[in-house]
$ cat structure-v3.cif   # mmCIF, C-alpha atoms and all ligand atoms
data_start
#
loop_
_atom_site.label_atom_id
_atom_site.label_comp_id
_atom_site.auth_asym_id
_atom_site.auth_seq_id
_atom_site.Cartn_x
_atom_site.Cartn_y
_atom_site.Cartn_z
CA MET I 11 77.73 179.12 152.90
CA SER I 12 81.00 179.62 151.15
CA VAL I 13 83.08 177.96 148.48
CA VAL I 14 86.73 178.44 149.30
CA ASN I 15 89.90 177.45 147.54
CA ALA I 16 91.36 174.45 149.44
CA SER I 17 94.40 176.30 150.83
CA PRO I 18 96.16 175.05 153.97
CA ASN I 19 94.32 177.71 155.97
CA ALA I 20 90.95 176.71 154.57
CA ILE I 21 91.70 173.05 155.29
CA ALA I 22 92.59 173.91 158.90
CA GLU I 23 89.32 175.83 159.23
CA ALA I 24 87.41 172.91 157.71
CA ALA I 25 89.06 170.45 160.10
CA GLU I 26 87.97 172.60 163.03
CA ALA I 27 84.42 172.77 161.68
CA LEU I 28 84.35 168.96 161.48
CA ARG I 29 85.63 168.63 165.05
CA ASP I 30 82.84 171.02 166.10
CA GLY I 31 80.24 168.73 164.54
CA ARG I 32 79.61 170.82 161.42
CA LEU I 33 79.48 169.63 157.81
CA VAL I 34 82.18 170.27 155.20
CA ALA I 35 82.08 169.41 151.50
CA PHE I 36 85.44 168.38 150.06
CA PRO I 37 86.93 166.78 146.94
CA THR I 38 88.06 163.18 146.72
CA GLU I 39 89.57 161.54 143.63
CA THR I 40 86.15 160.02 142.83
CA VAL I 41 83.49 162.66 143.54
CA TYR I 42 82.96 165.48 146.04
CA GLY I 43 81.77 164.27 149.42
CA ILE I 44 79.77 165.91 152.18
CA GLY I 45 81.70 165.10 155.33
CA ALA I 46 81.00 164.87 159.05
CA ASP I 47 82.73 163.50 162.14
CA ALA I 48 81.87 159.79 161.92
CA THR I 49 81.86 159.47 165.71
CA ASN I 50 79.27 162.25 166.21
CA ALA I 51 75.75 160.88 165.66
CA ARG I 52 74.17 164.34 165.43
CA ALA I 53 76.67 165.45 162.80
CA VAL I 54 75.94 162.26 160.85
CA ALA I 55 72.20 162.94 161.11
CA ALA I 56 72.82 166.41 159.70
CA ILE I 57 74.24 164.78 156.54
CA PHE I 58 71.00 162.90 155.92
CA GLU I 59 69.08 166.11 156.55
CA ALA I 60 71.22 168.09 154.11
CA LYS I 61 71.00 165.44 151.40
CA GLY I 62 67.26 165.03 151.82
CA ARG I 63 67.71 161.27 151.78
CA PRO I 64 64.41 159.53 152.43
CA ARG I 65 66.43 156.57 153.76
CA PHE I 66 69.28 155.98 156.15
CA ASN I 67 71.73 154.20 153.89
CA PRO I 68 74.98 153.15 155.51
CA LEU I 69 77.77 155.61 154.72
CA ILE I 70 81.46 155.24 153.89
CA THR I 71 83.94 156.20 156.61
CA HIS I 72 87.12 157.81 155.29
CA VAL I 73 90.41 157.41 157.15
CA THR I 74 94.08 158.27 156.61
CA ASP I 75 95.64 154.81 156.34
CA ILE I 76 95.35 151.04 156.81
CA ASP I 77 96.09 151.21 160.55
CA ALA I 78 93.24 153.67 161.06
CA ALA I 79 90.95 151.41 159.01
CA ALA I 80 91.96 148.40 161.13
CA ARG I 81 90.80 150.23 164.27
CA LEU I 82 87.29 150.47 162.78
CA GLY I 83 86.92 147.16 160.93
CA GLU I 84 88.43 143.68 161.09
CA MET I 85 90.93 143.47 158.23
CA THR I 86 90.55 139.97 156.78
CA GLN I 87 93.35 138.62 154.63
CA THR I 88 91.37 139.61 151.53
CA ALA I 89 90.91 143.09 152.94
CA ARG I 90 94.63 143.45 153.63
CA ARG I 91 95.60 142.39 150.16
CA LEU I 92 93.08 144.73 148.54
CA ALA I 93 94.06 147.61 150.82
CA ALA I 94 97.77 147.10 150.13
CA HIS I 95 97.06 147.17 146.41
CA PHE I 96 94.45 149.92 146.05
CA TRP I 97 94.83 152.31 149.01
CA PRO I 98 94.99 155.20 148.93
CA GLY I 99 92.37 155.06 146.19
CA ALA I 100 88.88 154.43 144.90
CA LEU I 101 88.16 151.17 146.70
CA THR I 102 85.79 150.88 149.66
CA LEU I 103 86.03 147.80 151.87
CA VAL I 104 83.09 146.53 153.89
CA LEU I 105 84.48 144.98 157.08
CA ARG I 106 83.14 143.66 160.37
CA ARG I 107 83.07 146.44 162.94
CA THR I 108 85.67 146.05 165.66
CA PRO I 109 84.37 145.99 169.26
CA ALA I 110 86.10 149.33 169.86
CA CYS I 111 84.88 151.01 166.67
CA PRO I 112 83.84 154.54 167.70
CA VAL I 113 81.76 155.27 164.59
CA ALA I 114 78.12 156.25 165.27
CA ASP I 115 75.49 153.55 164.70
CA LEU I 116 73.61 155.89 162.37
CA ALA I 117 76.64 156.03 160.03
CA THR I 118 76.51 152.26 159.56
CA ALA I 119 72.68 152.11 159.65
CA GLY I 120 72.98 149.97 162.75
CA LEU I 121 74.89 147.22 160.93
CA ASP I 122 77.71 145.23 162.45
CA THR I 123 79.75 145.96 159.34
CA ILE I 124 81.40 149.21 158.27
CA ALA I 125 82.46 150.55 154.88
CA VAL I 126 85.94 152.11 154.99
CA ARG I 127 88.03 153.93 152.41
CA VAL I 128 91.42 155.66 152.32
CA PRO I 129 91.09 158.38 149.67
CA SER I 130 94.07 159.52 147.59
CA HIS I 131 93.05 163.12 146.87
CA PRO I 132 95.57 165.46 148.54
CA VAL I 133 92.83 167.74 149.90
CA ALA I 134 90.91 164.82 151.39
CA ARG I 135 94.12 163.44 152.90
CA ALA I 136 95.14 166.79 154.37
CA LEU I 137 91.66 167.26 155.83
CA LEU I 138 91.64 163.78 157.42
CA ALA I 139 95.11 164.30 158.89
CA GLU I 140 94.27 167.76 160.22
CA ALA I 141 90.90 166.75 161.69
CA GLY I 142 92.32 163.63 163.33
CA LEU I 143 88.92 161.96 162.93
CA PRO I 144 87.29 159.30 160.79
CA ILE I 145 85.03 161.21 158.39
CA VAL I 146 81.82 159.87 156.88
CA ALA I 147 81.17 161.28 153.44
CA PRO I 148 78.48 160.35 150.96
CA SER I 149 78.51 162.05 147.59
CA ALA I 150 77.71 165.75 148.02
CA ASN I 151 74.47 165.89 146.08
CA ARG I 152 70.81 166.02 147.02
CA SER I 153 69.23 162.57 147.08
CA ASN I 154 68.60 161.21 143.54
CA HIS I 155 70.75 163.88 141.89
CA VAL I 156 73.99 163.00 140.12
CA SER I 157 77.25 162.95 142.03
CA PRO I 158 79.24 166.20 141.96
CA THR I 159 82.63 166.37 140.27
CA ILE I 160 83.29 170.11 140.69
CA ALA I 161 82.70 172.44 143.64
CA GLY I 162 80.10 174.33 141.60
CA HIS I 163 77.91 171.21 141.47
CA VAL I 164 77.99 170.98 145.25
CA GLU I 165 77.13 174.65 145.56
CA ALA I 166 74.21 174.31 143.16
CA ASP I 167 72.83 171.27 144.98
CA LEU I 168 73.66 171.82 148.64
CA GLY I 169 74.90 175.41 148.76
CA THR I 170 72.39 176.57 151.33
CA ARG I 171 72.82 173.45 153.45
CA VAL I 172 76.59 173.08 153.79
CA PRO I 173 78.42 175.89 155.58
CA LEU I 174 81.78 175.23 153.92
CA ILE I 175 82.74 173.81 150.51
CA LEU I 176 86.44 173.21 149.85
CA ASP I 177 87.21 173.72 146.17
CA GLY I 178 89.98 171.40 144.95
CA GLY I 179 89.17 171.61 141.24
CA PRO I 180 87.53 168.85 139.18
CA THR I 181 87.77 165.32 140.56
CA THR I 182 89.92 163.04 138.41
CA LEU I 183 87.82 159.84 138.34
CA GLY I 184 84.31 161.26 138.35
CA LEU I 185 82.83 157.91 139.35
CA GLU I 186 82.23 156.67 142.89
CA SER I 187 84.48 154.14 144.57
CA THR I 188 83.92 150.43 144.05
CA VAL I 189 82.42 148.89 147.19
CA VAL I 190 83.69 145.39 148.04
CA ASP I 191 82.45 143.17 150.83
CA ALA I 192 85.69 141.80 152.31
CA THR I 193 84.19 140.20 155.41
CA GLY I 194 84.50 136.67 154.02
CA ALA I 195 87.11 134.62 152.19
CA GLU I 196 85.57 135.50 148.81
CA PRO I 197 85.27 139.20 147.98
CA VAL I 198 81.90 140.36 146.61
CA VAL I 199 81.43 143.62 144.72
CA LEU I 200 78.44 145.44 146.22
CA ARG I 201 78.64 148.56 144.06
CA LEU I 202 80.43 148.94 140.75
CA GLY I 203 82.67 151.97 140.58
CA ALA I 204 86.00 153.44 139.57
CA ILE I 205 87.96 150.19 140.05
CA SER I 206 86.90 147.32 137.79
CA ARG I 207 86.12 143.76 138.83
CA GLU I 208 89.01 142.65 136.60
CA ASP I 209 91.41 144.93 138.49
CA ILE I 210 90.24 143.41 141.77
CA ALA I 211 90.59 139.84 140.54
CA ARG I 212 94.09 140.60 139.23
CA ALA I 213 95.17 142.17 142.53
CA LEU I 214 94.12 138.98 144.32
CA GLY I 215 95.73 136.73 141.74
CA LEU I 216 92.36 135.17 140.87
CA ASP I 217 91.77 133.71 137.42
CA ARG I 218 88.00 134.03 137.76
CA PRO I 219 85.92 137.18 137.98
CA VAL I 220 85.02 138.60 141.37
CA ALA I 221 81.37 138.04 142.30
CA LEU I 222 78.91 140.89 141.91
CA ALA I 223 76.01 141.09 144.38
CA ASP I 224 72.95 140.64 142.24
CA ALA I 225 70.60 143.17 143.78
CA LEU I 226 68.46 143.40 140.65
CA SER I 227 67.42 139.78 140.70
CA ALA I 228 65.96 140.14 144.18
CA ASN I 229 62.42 141.39 144.61
CA PRO I 230 62.95 145.07 145.37
CA SER I 231 59.74 145.26 147.37
CA SER I 232 60.98 142.52 149.67
CA PRO I 233 62.72 143.84 152.75
CA GLY I 234 64.86 140.69 152.70
CA MET I 235 66.72 142.16 149.77
CA LEU I 236 67.83 144.92 152.06
CA ALA I 237 69.82 142.44 154.10
CA ARG I 238 72.38 145.17 154.55
CA HIS I 239 70.07 146.75 157.09
CA TYR I 240 69.96 146.07 160.76
CA ALA I 241 66.72 144.38 161.78
CA PRO I 242 65.67 144.00 165.40
CA ALA I 243 64.43 140.53 166.39
CA THR I 244 61.63 142.03 168.51
CA PRO I 245 58.47 142.93 166.56
CA LEU I 246 57.68 146.62 166.27
CA ARG I 247 54.22 148.09 166.78
CA LEU I 248 54.18 151.46 165.02
CA ASP I 249 52.15 154.60 165.76
CA ALA I 250 51.53 153.36 169.28
CA ARG I 251 49.72 155.77 171.59
CA ASP I 252 49.71 153.41 174.54
CA VAL I 253 51.91 150.59 175.84
CA ARG I 254 50.56 147.08 176.25
CA PRO I 255 51.68 144.60 178.92
CA GLY I 256 55.08 143.10 178.09
CA GLU I 257 55.99 145.78 175.56
CA ALA I 258 59.03 148.05 175.56
CA LEU I 259 58.47 151.67 174.57
CA LEU I 260 60.30 153.73 171.97
CA ALA I 261 59.06 157.21 172.75
CA PHE I 262 59.29 160.53 170.97
CA GLY I 263 58.53 163.99 172.32
CA ARG I 264 57.26 165.33 175.60
CA GLU I 265 53.99 163.49 176.06
CA VAL I 266 54.88 159.91 176.83
CA PRO I 267 52.40 157.26 178.04
CA GLN I 268 52.93 155.86 181.54
CA HIS I 269 55.25 152.87 181.37
CA SER I 270 57.29 151.00 183.96
CA GLY I 271 59.24 148.65 181.62
CA ALA I 272 62.09 149.27 179.18
CA MET I 273 61.77 152.71 177.63
CA LEU I 274 63.90 155.07 175.57
CA ASN I 275 62.96 158.45 174.20
CA LEU I 276 64.42 159.30 170.78
CA SER I 277 64.08 162.98 171.56
CA PRO I 278 62.20 164.29 174.59
CA SER I 279 62.15 167.76 172.99
CA GLY I 280 60.73 166.40 169.71
CA ASP I 281 63.85 167.22 167.66
CA LEU I 282 64.04 165.01 164.54
CA LEU I 283 67.80 165.46 164.16
CA GLU I 284 68.33 164.17 167.69
CA ALA I 285 65.86 161.35 167.05
CA ALA I 286 67.73 160.26 163.91
CA ALA I 287 71.02 160.34 165.79
CA ASN I 288 69.58 158.05 168.50
CA LEU I 289 67.49 155.73 166.33
CA PHE I 290 69.74 152.73 165.68
CA ALA I 291 71.32 152.62 169.12
CA ALA I 292 67.84 152.85 170.66
CA LEU I 293 66.49 150.00 168.51
CA ARG I 294 69.45 147.86 169.46
CA SER I 295 69.15 148.44 173.15
CA LEU I 296 65.36 147.95 173.26
CA ASP I 297 65.82 144.79 171.19
CA ALA I 298 68.17 143.52 173.90
CA ALA I 299 65.39 143.99 176.49
CA LYS I 300 63.64 141.00 174.83
CA ALA I 301 60.18 142.45 175.26
CA ALA I 302 57.13 140.94 173.52
CA ALA I 303 57.15 143.93 171.17
CA ILE I 304 58.49 147.45 170.90
CA ALA I 305 55.71 150.03 170.88
CA VAL I 306 56.88 152.98 168.78
CA MET I 307 55.18 156.34 169.25
CA PRO I 308 54.23 158.31 166.12
CA ILE I 309 57.09 160.28 164.56
CA PRO I 310 56.23 163.32 162.39
CA ALA I 311 56.75 162.60 158.69
CA HIS I 312 58.49 165.83 157.66
CA GLY I 313 62.25 166.45 157.28
CA LEU I 314 64.34 163.62 158.75
CA GLY I 315 61.09 162.08 159.99
CA GLU I 316 60.59 160.59 156.53
CA ALA I 317 63.79 158.54 156.79
CA ILE I 318 63.06 157.63 160.41
CA ASN I 319 59.60 156.36 159.47
CA ASP I 320 60.98 154.49 156.45
CA ARG I 321 63.46 152.71 158.71
CA LEU I 322 60.83 151.89 161.32
CA ARG I 323 58.39 150.56 158.72
CA ARG I 324 61.00 148.26 157.28
CA ALA I 325 62.10 147.11 160.74
CA ALA I 326 58.44 146.38 161.49
CA THR I 327 57.88 144.16 158.42
CA ILE I 328 61.00 142.02 158.74
CA PRO I 329 59.95 138.65 160.22
O1 LIG I 401 83.50 157.53 145.86
C1 LIG I 401 82.81 157.40 146.87
O2 LIG I 401 82.66 156.30 147.43
C2 LIG I 401 82.15 158.66 147.45
C3 LIG I 401 83.27 159.58 147.95
C4 LIG I 401 82.75 160.84 148.58
O3 LIG I 401 84.11 158.88 148.83
N1 LIG I 401 81.23 158.33 148.50
C5 LIG I 401 80.04 157.69 148.24
O4 LIG I 401 79.26 157.45 149.36
O5 LIG I 401 79.69 157.36 147.14
P1 LIG I 401 77.72 157.06 149.30
O6 LIG I 401 77.18 157.21 150.71
O7 LIG I 401 77.03 157.85 148.25
O8 LIG I 401 77.71 155.53 148.97
C6 LIG I 401 77.99 154.55 149.97
C7 LIG I 401 77.83 153.15 149.40
C8 LIG I 401 76.37 152.77 149.27
O9 LIG I 401 76.20 152.01 148.08
C9 LIG I 401 76.15 151.92 150.51
O10 LIG I 401 75.07 151.02 150.38
C10 LIG I 401 77.48 151.22 150.65
O11 LIG I 401 78.43 152.21 150.28
N2 LIG I 401 77.75 150.81 152.04
C11 LIG I 401 78.12 151.60 153.06
N3 LIG I 401 78.25 150.90 154.20
C12 LIG I 401 77.96 149.62 153.90
C13 LIG I 401 77.91 148.41 154.66
N4 LIG I 401 78.20 148.37 155.97
N5 LIG I 401 77.57 147.29 154.01
C14 LIG I 401 77.27 147.30 152.69
N6 LIG I 401 77.30 148.42 151.92
C15 LIG I 401 77.64 149.56 152.52
MG MG I 402 75.82 158.77 146.23
#
$ encode --input "structure-v3.cif" --output "structure tokens" --more "lines below"
Ligand code: TXA
Ligand code: MG
Amino acid sequence: MSVVNASPNAIAEAAEALRDGRLVAFPTETVYGIGADATNARAVAAIFEAKGRPRFNPLITHVTDIDAAARLGEMTQTARRLAAHFWPGALTLVLRRTPACPVADLATAGLDTIAVRVPSHPVARALLAEAGLPIVAPSANRSNHVSPTIAGHVEADLGTRVPLILDGGPTTLGLESTVVDATGAEPVVLRLGAISREDIARALGLDRPVALADALSANPSSPGMLARHYAPATPLRLDARDVRPGEALLAFGREVPQHSGAMLNLSPSGDLLEAAANLFAALRSLDAAKAAAIAVMPIPAHGLGEAINDRLRRAATIP
């Protein structure tokens, strides 16, 4: 691990690391992020591993400009107006994924929407330009810790887990970006952040406040509240050690029960990082097989297995 001053040389080295599938922590104008190539599912899985997140939350994909954003998500009229006003800057737009969007399913938690942001920090911009990739970057802290605003915070939290930390000094805003759902005609704020609801309303010429998604009023134990998560239509049968007639099989590891129907193995070698990288795409494709149920073999609960099991449990309880 090393913290290096964000010189042009260090940025070039960081861009190469990202292209090689490694993680890099870097400053944005909001908070420091831990970045990976958004198109590389294994690199994205490594982010969840480093953060120790017990859940696969969808991540924000960072790009250089509006055109790059439009390749990933459908820019509605609302999205275009907000982008023109706030980008580069601390606004994240949730958009419908384009058919050609190359971002890994794990980065969007299997959703058909994608959160996109064009950061304004010169180090983030130079890194994006040099890497030539969309970069996913959640805040560079361990899960449940506060977001880092100096490189030293990142080092203290993730120092042993991130090979390279670019030091660009303290971040100016110190608060995460505001996340706005711009898929419909009416924008909805999904996460409050550095740009206020009043600013957003003003940019759109609205004389009423922009809606705020009211997550607190929903029953937090109800999976329905987590509507932002992809849910397969096929029921899941967890901890399956056999396959019943009519079932598809989601396998893990070397010892797989005999099965002639639809089958995918998350990781034949039993590697949890590989399993995480394959999870959402595998659920989607087995869902498409329209089996009576998907039998899911047991997944170990340690490391990334905790998030994998969390995701599977919630997919299994959604009606
Ligand atoms: O300021 C920031 O936004 C920082 C810097 C590094 O850019 N990043 C950040 O990322 O805070 P993260 O992963 O900690 O937060 C991502 C937020 C979460 O609230 C997540 O639920 C939401 O964005 N999000 C991501 N994709 C989404 C989607 N497709 N639909 C709805 N919400 C989404
Ligand atoms: Mg965060």
$ residues_near_ligand --input "structure-v3.cif" --ligand "ligand LIG 401 (chain I)" --cutoff "8 Å" --atoms "only C-alpha atoms and all ligand atoms" --output "VMD selection string"
chain I and resid 37 to 44 67 to 70 72 100 to 102 104 to 105 117 to 119 121 to 127 129 147 to 150 157 185 to 189 191 200 to 201 203 to 204 238
$ write_last_selection --input "structure-v3.cif" --atoms "C-alpha atoms" --output "CSV table (one decimal), keeping the file's coordinate frame"
chain,number,residue,atom,x,y,z
I,37,PRO,CA,86.9,166.8,146.9
I,38,THR,CA,88.1,163.2,146.7
I,39,GLU,CA,89.6,161.5,143.6
I,40,THR,CA,86.2,160.0,142.8
I,41,VAL,CA,83.5,162.7,143.5
I,42,TYR,CA,83.0,165.5,146.0
I,43,GLY,CA,81.8,164.3,149.4
I,44,ILE,CA,79.8,165.9,152.2
I,67,ASN,CA,71.7,154.2,153.9
I,68,PRO,CA,75.0,153.2,155.5
I,69,LEU,CA,77.8,155.6,154.7
I,70,ILE,CA,81.5,155.2,153.9
I,72,HIS,CA,87.1,157.8,155.3
I,100,ALA,CA,88.9,154.4,144.9
I,101,LEU,CA,88.2,151.2,146.7
I,102,THR,CA,85.8,150.9,149.7
I,104,VAL,CA,83.1,146.5,153.9
I,105,LEU,CA,84.5,145.0,157.1
I,117,ALA,CA,76.6,156.0,160.0
I,118,THR,CA,76.5,152.3,159.6
I,119,ALA,CA,72.7,152.1,159.6
I,121,LEU,CA,74.9,147.2,160.9
I,122,ASP,CA,77.7,145.2,162.4
I,123,THR,CA,79.8,146.0,159.3
I,124,ILE,CA,81.4,149.2,158.3
I,125,ALA,CA,82.5,150.6,154.9
I,126,VAL,CA,85.9,152.1,155.0
I,127,ARG,CA,88.0,153.9,152.4
I,129,PRO,CA,91.1,158.4,149.7
I,147,ALA,CA,81.2,161.3,153.4
I,148,PRO,CA,78.5,160.4,151.0
I,149,SER,CA,78.5,162.0,147.6
I,150,ALA,CA,77.7,165.8,148.0
I,157,SER,CA,77.2,163.0,142.0
I,185,LEU,CA,82.8,157.9,139.4
I,186,GLU,CA,82.2,156.7,142.9
I,187,SER,CA,84.5,154.1,144.6
I,188,THR,CA,83.9,150.4,144.0
I,189,VAL,CA,82.4,148.9,147.2
I,191,ASP,CA,82.4,143.2,150.8
I,200,LEU,CA,78.4,145.4,146.2
I,201,ARG,CA,78.6,148.6,144.1
I,203,GLY,CA,82.7,152.0,140.6
I,204,ALA,CA,86.0,153.4,139.6
I,238,ARG,CA,72.4,145.2,154.6
$ atom_distance --input "structure-v3.cif" --atom1 "atom CA of Ser206 of chain I" --atom2 "atom CA of Asp167 of chain I"
28.7 Å
$ atom_distance --input "structure-v3.cif" --atom1 "atom CA of Ala326 of chain I" --atom2 "atom CA of Ala287 of chain I"
19.3 Å
$ residues_around --input "structure-v3.cif" --residues "Cys111 of chain I" --least-positions-apart "6" --cutoff "9 Å" --atoms "all atoms listed in the file" --output "ChimeraX atom specification"
/I:81-83
$ closest_residue --input "structure-v3.cif" --among "I:Pro242, I:Pro267, I:Gly162, I:Pro112" --to "Arg294 of chain I" --atoms "all atoms listed in the file"
I:Pro242
$ closest_residue --input "structure-v3.cif" --among "I:Asn50, I:Met85, I:Gly184, I:Ala114" --to "ligand MG 402 (chain I)" --atoms "all atoms listed in the file"
I:Gly184
$ closest_residue --input "structure-v3.cif" --among "I:Arg321, I:Leu183, I:Thr327, I:Ile205" --to "Gly120 of chain I" --atoms "only C-alpha atoms"
I:Arg321
$ closest_residue --input "structure-v3.cif" --among "I:Ala161, I:Val156, I:Ile21, I:Ala317" --to "ligand MG 402 (chain I)" --atoms "only C-alpha atoms and all ligand atoms"
I:Val156
$ residues_near_point --input "structure-v3.cif" --point "(91.7, 143.9, 152.1)" --cutoff "10 Å" --atoms "all atoms listed in the file" --output "list of chain:residue names"
I:Ile76, I:Glu84, I:Met85, I:Thr86, I:Gln87, I:Thr88, I:Ala89, I:Arg90, I:Arg91, I:Leu92, I:Ala93, I:Ala94, I:His95, I:Phe96, I:Trp97, I:Leu101, I:Thr102, I:Leu103, I:Val104, I:Leu105, I:Val190, I:Asp191, I:Ala192, I:Thr193, I:Pro197, I:Leu214
$ atom_distance --input "structure-v3.cif" --atom1 "atom CA of Asp281 of chain I" --atom2 "atom CA of Arg52 of chain I"
10.9 Å
